[in-house]
Structure formats: C-alpha cells, structure tokens
Amino acid sequence: MPSSSHPPAASRSSPLLHPVVMKGIARTYRLDSVDVPALSGINLVILPNRFTVISGPSGSGKTTLLNLIGCIDRPDAGTLMVGGKPVQTMPHDQLSDFRARQLGFVFQNFNLLPVLTAFENVEYPLILAGMPVDKRRKRVAKLLEAVGLADHGRKRPGQLSGGQRQRVAVARALARKPQLVLADEPTANLDSKTGSDIIELMRHMQQRHRVAFIFSSHDPKVIEAADDVVYIHDGRITAIERRLAWVEPTA
Ligand SMILES: Nc1ncnc2c1ncn2[C@@H]1O[C@H](COP(=O)(O)OP(=O)(O)OP(=O)(O)O)[C@@H](O)[C@H]1O
Ligand SMILES: [Mg+2]
C-alpha cells in the first residue's frame, strides 16, 4: 500500500543523513507573462542507498523535480536539502562545485562528448577533479570493466550502440563517487531489452557503490525494479510507496 507523501517519522529527525529532503517545495514557470505551476506542496525524503523512481504522466513535473534535486534549477518556495546541504541558498560557484562532487547525471540522450573516446568521457570528470593520472586511469578502467565495456574504451560514442553509450554514461556518473545519481528517463531512447539490461546494470552499480539513484520513468520495468516509488500528478505527490523498511543508521 502506498503511504502518505510525508517522510517516515524516523527520517524526519535526521535530514543530514538523507540525500534529499524537500519541504513545501514549489516551482512555477513564467511563460509569456503567464504562470505555469509545475510543482507545489512537495514534501519528500529520498533515502540513502536506495533505488527511487519518480513516476507520473507526461507534464506531471518529473523533470522539474529532478532539475531541482540536481541543483540545475532553484525552487520558488520551500526548503531543499541535498546531501545534507541547504543548496537553495548556496552561492553559484559553490553550487557548481557541490554538483560536480556529490551528484552524477545520466540523461535520456546520453550526453557524451562526441569527440572523446568512451575512456576519455569517463576520465573527463576526474581530470576536472585534479586526480593524478595513474589513479584516474585505473579508476576509469575499473568502471569500464564494471559496465561491461572493458574492450570498448577506445571507441567514440558514434561507434557505440545506444545501450553501450548509456553504459558509458553510467560509468561517468559514478566516476567521482557521488552520493546521489539522477537519471531522467534513462531508458526512453533504448529498445525494451537494452532498457532492461541498463536497469539491471544501474541496480547492480547502485548496490555495489552504495549510492542513491533517482530515476524518472514511465517504464513499468523501471518501477518494478525500484525500492521506493514516488507518484506525481499535476505537480503534486500523490503517494510514496516504500518497499523496503527504513532502519535509521546508529553510527
Ligand atoms: N521551461 C519551461 N517553461 C514553461 N513551462 C514549463 C517549462 N518546463 C516545463 N514546463 C511545464 O511544467 C510542467 C511540468 O513539466 P515537466 O517537464 O517537469 O514534466 P514531466 O513529468 O517531466 O513530463 P515528461 O514525462 O513529458 O517528460 C508541464 O506543464 C510543462 O509544460
Ligand atoms: Mg520529463
């Protein structure tokens, strides 16, 4: 049975533990001087080390919600904590740094740099982070192996299939060991079998790296694979289904 949209009592006491805590969040777009309310009254806690899916019909506000969590956009009202930080009030340069360190992104259309090889695409965030060359090459090789692309590192995105590109994107998203990976409909441009393989890979990587994954998806297979499902309709959360019990860590 879906529970209410309020966070479980145990998690309310410790917002710093949680990758995302939203209270009374609203976001309204202004289009040709007309207000388009995209989200309102959003209260949401995303638990650590979980695979959470945001599900809802087209136009319900999934991308808007992920953009707020990903610190790509800011809310108009309410409070938002990501990774225990009040990101809403963070200055722009600090926010970019926070995003690069703590968040990984997987996009519907892969968003790989076409002139770089698969290896270089995964390596790029580590170069930006200033990681020494030996360490970063080892890390990239390990990640490419983990996503099943050990033999494809020299290929450019144009020489890879859609599923392989998305595997590179997953490896890149995890390169800096983020605490949270966000994916906006990551299987939408893949056929059903490839989409299932990617979900299985993400599930495996989420558990192996002990990171929180948040997806938006209409795909029943993605919803089925989730630990927690957040249902959204017309910019409001209608239910939160938590399929695993939450035990507050004692440490
Ligand atoms: N930049 C924008 N300017 C104005 N309105 C917008 C903008 N982006 C989204 N909207 C509106 O906000 C609402 C929520 O859009 P959003 O893209 O978050 O939905 P979604 O659930 O991701 O949909 P989809 O499943 O089609 O991707 C919609 O009514 C949409 O038209
Ligand atoms: Mg969307």
# chains A, B, ... in the order shown; residues from 1 in each chain; ligands from 1
>>> residues_near_ligand(ligand="ligand 2", cutoff="9 Å", atoms="only C-alpha atoms and all ligand atoms", output="PyMOL selection string")
chain A and resi 58-64+66+184-185+216-217
>>> write_last_selection(atoms="N, CA and C atoms", output="short mmCIF file (atom, residue, chain, number, x, y, z; two decimals), in the first residue's frame")
data_model
loop_
_atom_site.label_atom_id
_atom_site.label_comp_id
_atom_site.auth_asym_id
_atom_site.auth_seq_id
_atom_site.Cartn_x
_atom_site.Cartn_y
_atom_site.Cartn_z
N SER A 58 3.11 12.34 -18.52
CA SER A 58 3.80 13.43 -19.17
C SER A 58 3.27 14.78 -18.66
N GLY A 59 4.15 15.68 -18.32
CA GLY A 59 3.75 17.00 -17.85
C GLY A 59 3.47 17.05 -16.36
N SER A 60 3.67 15.94 -15.64
CA SER A 60 3.34 15.92 -14.20
C SER A 60 4.38 16.63 -13.34
N GLY A 61 5.60 16.84 -13.88
CA GLY A 61 6.60 17.59 -13.11
C GLY A 61 7.85 16.79 -12.77
N LYS A 62 8.04 15.63 -13.40
CA LYS A 62 9.19 14.76 -13.06
C LYS A 62 10.52 15.45 -13.35
N THR A 63 10.65 15.98 -14.56
CA THR A 63 11.91 16.64 -14.94
C THR A 63 12.15 17.87 -14.07
N THR A 64 11.10 18.61 -13.81
CA THR A 64 11.22 19.80 -12.95
C THR A 64 11.76 19.41 -11.57
N LEU A 66 13.50 16.65 -10.79
CA LEU A 66 14.90 16.20 -10.88
C LEU A 66 15.85 17.39 -11.08
N ASP A 184 17.07 11.09 -15.72
CA ASP A 184 15.76 11.48 -16.26
C ASP A 184 15.43 10.58 -17.45
N GLU A 185 14.52 9.65 -17.24
CA GLU A 185 14.08 8.68 -18.25
C GLU A 185 15.27 8.06 -19.01
N SER A 216 13.53 9.21 -13.18
CA SER A 216 12.14 9.46 -13.55
C SER A 216 11.84 8.46 -14.65
N SER A 217 10.66 7.92 -14.63
CA SER A 217 10.33 6.93 -15.66
C SER A 217 8.85 6.64 -15.72
#
>>> residues_around(residues="A:Val106", least_positions_apart="3", cutoff="9 Å", atoms="only C-alpha atoms", output="PDB file with N, CA and C atoms, in the first residue's frame")
ATOM      1  N   ASN A 109      19.308  11.207 -23.535  1.00  0.00           N
ATOM      2  CA  ASN A 109      20.047  11.134 -24.809  1.00  0.00           C
ATOM      3  C   ASN A 109      21.562  11.038 -24.583  1.00  0.00           C
ATOM      4  N   PHE A 110      21.951  10.449 -23.467  1.00  0.00           N
ATOM      5  CA  PHE A 110      23.326  10.050 -23.145  1.00  0.00           C
ATOM      6  C   PHE A 110      24.272  11.215 -22.822  1.00  0.00           C
ATOM      7  N   ASN A 111      24.212  12.296 -23.646  1.00  0.00           N
ATOM      8  CA  ASN A 111      25.036  13.493 -23.402  1.00  0.00           C
ATOM      9  C   ASN A 111      26.531  13.205 -23.248  1.00  0.00           C
ATOM     10  N   GLN A 166      24.850   4.370 -23.063  1.00  0.00           N
ATOM     11  CA  GLN A 166      24.276   4.600 -21.737  1.00  0.00           C
ATOM     12  C   GLN A 166      25.145   3.943 -20.653  1.00  0.00           C
ATOM     13  N   ALA A 169      27.743   6.347 -19.938  1.00  0.00           N
ATOM     14  CA  ALA A 169      27.172   7.438 -19.130  1.00  0.00           C
ATOM     15  C   ALA A 169      27.044   7.030 -17.654  1.00  0.00           C
ATOM     16  N   VAL A 170      26.696   5.767 -17.416  1.00  0.00           N
ATOM     17  CA  VAL A 170      26.586   5.284 -16.033  1.00  0.00           C
ATOM     18  C   VAL A 170      27.970   5.287 -15.384  1.00  0.00           C
ATOM     19  N   ARG A 172      30.503   7.150 -16.199  1.00  0.00           N
ATOM     20  CA  ARG A 172      30.896   8.553 -15.995  1.00  0.00           C
ATOM     21  C   ARG A 172      30.191   9.142 -14.769  1.00  0.00           C
ATOM     22  N   ALA A 173      28.894   8.820 -14.623  1.00  0.00           N
ATOM     23  CA  ALA A 173      28.126   9.373 -13.494  1.00  0.00           C
ATOM     24  C   ALA A 173      28.728   8.939 -12.155  1.00  0.00           C
ATOM     25  N   VAL A 181      22.902   9.723  -7.726  1.00  0.00           N
ATOM     26  CA  VAL A 181      22.900   9.762  -9.191  1.00  0.00           C
ATOM     27  C   VAL A 181      21.472  10.013  -9.666  1.00  0.00           C
ATOM     28  N   LEU A 182      21.314  10.972 -10.551  1.00  0.00           N
ATOM     29  CA  LEU A 182      19.996  11.346 -11.066  1.00  0.00           C
ATOM     30  C   LEU A 182      19.887  10.933 -12.528  1.00  0.00           C
ATOM     31  N   ALA A 183      18.753  10.347 -12.882  1.00  0.00           N
ATOM     32  CA  ALA A 183      18.585   9.893 -14.260  1.00  0.00           C
ATOM     33  C   ALA A 183      17.169  10.223 -14.727  1.00  0.00           C
ATOM     34  N   ASP A 184      17.073  11.088 -15.725  1.00  0.00           N
ATOM     35  CA  ASP A 184      15.764  11.484 -16.258  1.00  0.00           C
ATOM     36  C   ASP A 184      15.427  10.583 -17.454  1.00  0.00           C
ATOM     37  N   GLU A 185      14.521   9.649 -17.238  1.00  0.00           N
ATOM     38  CA  GLU A 185      14.085   8.679 -18.254  1.00  0.00           C
ATOM     39  C   GLU A 185      15.271   8.059 -19.008  1.00  0.00           C
ATOM     40  N   PRO A 186      16.155   7.378 -18.288  1.00  0.00           N
ATOM     41  CA  PRO A 186      17.385   6.894 -18.921  1.00  0.00           C
ATOM     42  C   PRO A 186      17.178   5.763 -19.924  1.00  0.00           C
TER      43      PRO A 186
END
>>> residues_near_ligand(ligand="ligand 1", cutoff="12 Å", atoms="only C-alpha atoms and all ligand atoms", output="compact mmCIF listing (two decimals) with C-alpha atoms, in the first residue's frame")
# COMPACT_ATOMS: atom_id res chain seq x y z
CA ALA A 26 7.01 24.90 -5.26
CA ARG A 27 8.21 25.77 -8.77
CA THR A 28 6.27 27.91 -11.19
CA TYR A 29 7.49 28.70 -14.70
CA ARG A 30 6.63 32.04 -16.24
CA LEU A 31 5.80 31.79 -19.92
CA ASP A 32 4.75 34.92 -21.86
CA SER A 33 3.71 36.52 -18.56
CA VAL A 34 1.51 33.51 -17.73
CA ASP A 35 2.35 31.47 -14.64
CA VAL A 36 2.67 27.73 -15.24
CA PRO A 37 2.69 25.97 -11.86
CA ALA A 38 4.86 22.86 -12.34
CA LEU A 39 5.25 21.73 -8.72
CA SER A 40 3.53 22.65 -5.49
CA ILE A 54 9.66 9.22 -9.74
CA SER A 55 6.68 8.11 -11.76
CA GLY A 56 3.89 10.11 -13.35
CA PRO A 57 2.28 11.05 -16.66
CA SER A 58 3.80 13.43 -19.17
CA GLY A 59 3.75 17.00 -17.85
CA SER A 60 3.34 15.92 -14.20
CA GLY A 61 6.60 17.59 -13.11
CA LYS A 62 9.19 14.76 -13.06
CA THR A 63 11.91 16.64 -14.94
CA THR A 64 11.22 19.80 -12.95
CA LEU A 65 11.65 17.83 -9.72
CA LEU A 66 14.90 16.20 -10.88
CA ASN A 67 16.26 19.56 -12.02
CA LEU A 68 15.68 20.97 -8.54
CA ASP A 73 17.19 24.91 -11.17
CA PHE A 107 20.47 11.59 -19.41
CA GLN A 108 17.85 10.27 -21.81
CA ALA A 183 18.59 9.89 -14.26
CA ASP A 184 15.76 11.48 -16.26
CA GLU A 185 14.08 8.68 -18.25
CA PRO A 186 17.38 6.89 -18.92
CA ALA A 188 13.44 6.17 -23.05
CA PHE A 215 15.11 7.97 -11.84
CA SER A 216 12.14 9.46 -13.55
CA SER A 217 10.33 6.93 -15.66
CA HIS A 218 7.01 5.78 -17.11
CA ASP A 219 8.54 2.37 -17.76
CA TYR A 231 3.97 9.01 -7.68
CA ILE A 232 3.44 12.51 -9.01
CA HIS A 233 0.44 14.04 -10.75
CA ASP A 234 -0.18 17.64 -11.80
CA GLY A 235 2.84 18.82 -9.83
CA ARG A 236 1.85 17.13 -6.58
CA ILE A 237 2.97 13.92 -4.92
>>> select_by_dssp(residues="stretch 14-229 of chain A", states="strand (DSSP E or B)", output="MDAnalysis selection string")
chainID A and resid 20:31 34:46 51:55 77:82 85 103:106 180:184 212:216 228:229
>>> select_by_dssp(residues="stretch 161-213 of chain A", states="alpha helix (DSSP H)", output="MDAnalysis selection string")
chainID A and resid 162:174 192:209
>>> write_last_selection(atoms="C-alpha atoms", output="tab-separated table (two decimals), in the first residue's frame")
chain	number	residue	atom	x	y	z
A	162	GLY	CA	22.65	3.23	-27.62
A	163	GLY	CA	22.91	0.71	-24.78
A	164	GLN	CA	26.71	0.92	-24.80
A	165	ARG	CA	26.56	4.74	-24.75
A	166	GLN	CA	24.28	4.60	-21.74
A	167	ARG	CA	26.75	2.22	-20.04
A	168	VAL	CA	29.49	4.79	-20.60
A	169	ALA	CA	27.17	7.44	-19.13
A	170	VAL	CA	26.59	5.28	-16.03
A	171	ALA	CA	30.35	4.80	-15.59
A	172	ARG	CA	30.90	8.55	-16.00
A	173	ALA	CA	28.13	9.37	-13.49
A	174	LEU	CA	29.87	7.22	-10.88
A	192	SER	CA	12.94	-2.85	-24.38
A	193	LYS	CA	15.69	-5.48	-23.97
A	194	THR	CA	18.51	-2.92	-23.90
A	195	GLY	CA	16.49	-0.80	-21.45
A	196	SER	CA	16.10	-3.82	-19.14
A	197	ASP	CA	19.84	-4.52	-19.32
A	198	ILE	CA	20.60	-0.90	-18.40
A	199	ILE	CA	18.22	-1.02	-15.43
A	200	GLU	CA	19.87	-4.22	-14.26
A	201	LEU	CA	23.29	-2.59	-14.61
A	202	MET	CA	22.19	0.52	-12.69
A	203	ARG	CA	20.67	-1.65	-9.99
A	204	HIS	CA	23.92	-3.56	-9.69
A	205	MET	CA	26.02	-0.38	-9.65
A	206	GLN	CA	23.69	1.28	-7.12
A	207	GLN	CA	24.18	-1.63	-4.72
A	208	ARG	CA	27.90	-2.04	-5.37
A	209	HIS	CA	28.69	1.65	-4.94
>>> residues_around(residues="stretch 42-49 of chain A", least_positions_apart="5", cutoff="6 Å", atoms="only C-alpha atoms", output="short mmCIF file (atom, residue, chain, number, x, y, z; two decimals) with C-alpha atoms, in the first residue's frame")
data_model
loop_
_atom_site.label_atom_id
_atom_site.label_comp_id
_atom_site.auth_asym_id
_atom_site.auth_seq_id
_atom_site.Cartn_x
_atom_site.Cartn_y
_atom_site.Cartn_z
CA PRO A 7 8.55 11.32 5.31
CA HIS A 18 19.37 11.80 3.61
CA PRO A 19 20.38 12.58 0.04
CA VAL A 20 17.26 14.72 -0.46
CA VAL A 21 14.85 16.45 1.93
CA MET A 22 12.16 18.70 0.42
CA LYS A 23 9.63 20.68 2.44
CA GLY A 24 6.85 22.72 0.88
CA ILE A 25 8.68 22.97 -2.45
CA ARG A 210 26.17 2.19 -2.15
CA VAL A 211 24.82 5.30 -3.77
CA ALA A 212 21.26 6.63 -4.07
#
>>> closest_atom_pairs(of="stretch 171-249 of chain A", to="stretch 97-100 of chain A", cutoff="10 Å", atoms="only C-alpha atoms", output="JSON lines")
{"residue": "A:Ala173", "atom": "CA", "partner": "A:Ala100", "partner_atom": "CA", "distance": 9.8}
{"residue": "A:Arg176", "atom": "CA", "partner": "A:Ala100", "partner_atom": "CA", "distance": 7.9}
{"residue": "A:Pro178", "atom": "CA", "partner": "A:Ala100", "partner_atom": "CA", "distance": 8.3}
{"residue": "A:Leu180", "atom": "CA", "partner": "A:Arg99", "partner_atom": "CA", "distance": 9.8}
>>> write_last_selection(atoms="C-alpha atoms", output="PDB file, in the first residue's frame")
ATOM      1  CA  ALA A 173      28.126   9.373 -13.494  1.00  0.00           C
ATOM      2  CA  ARG A 176      33.660  10.878  -8.744  1.00  0.00           C
ATOM      3  CA  PRO A 178      28.835  10.799  -5.865  1.00  0.00           C
ATOM      4  CA  LEU A 180      23.421  10.609  -5.492  1.00  0.00           C
TER       5      LEU A 180
END
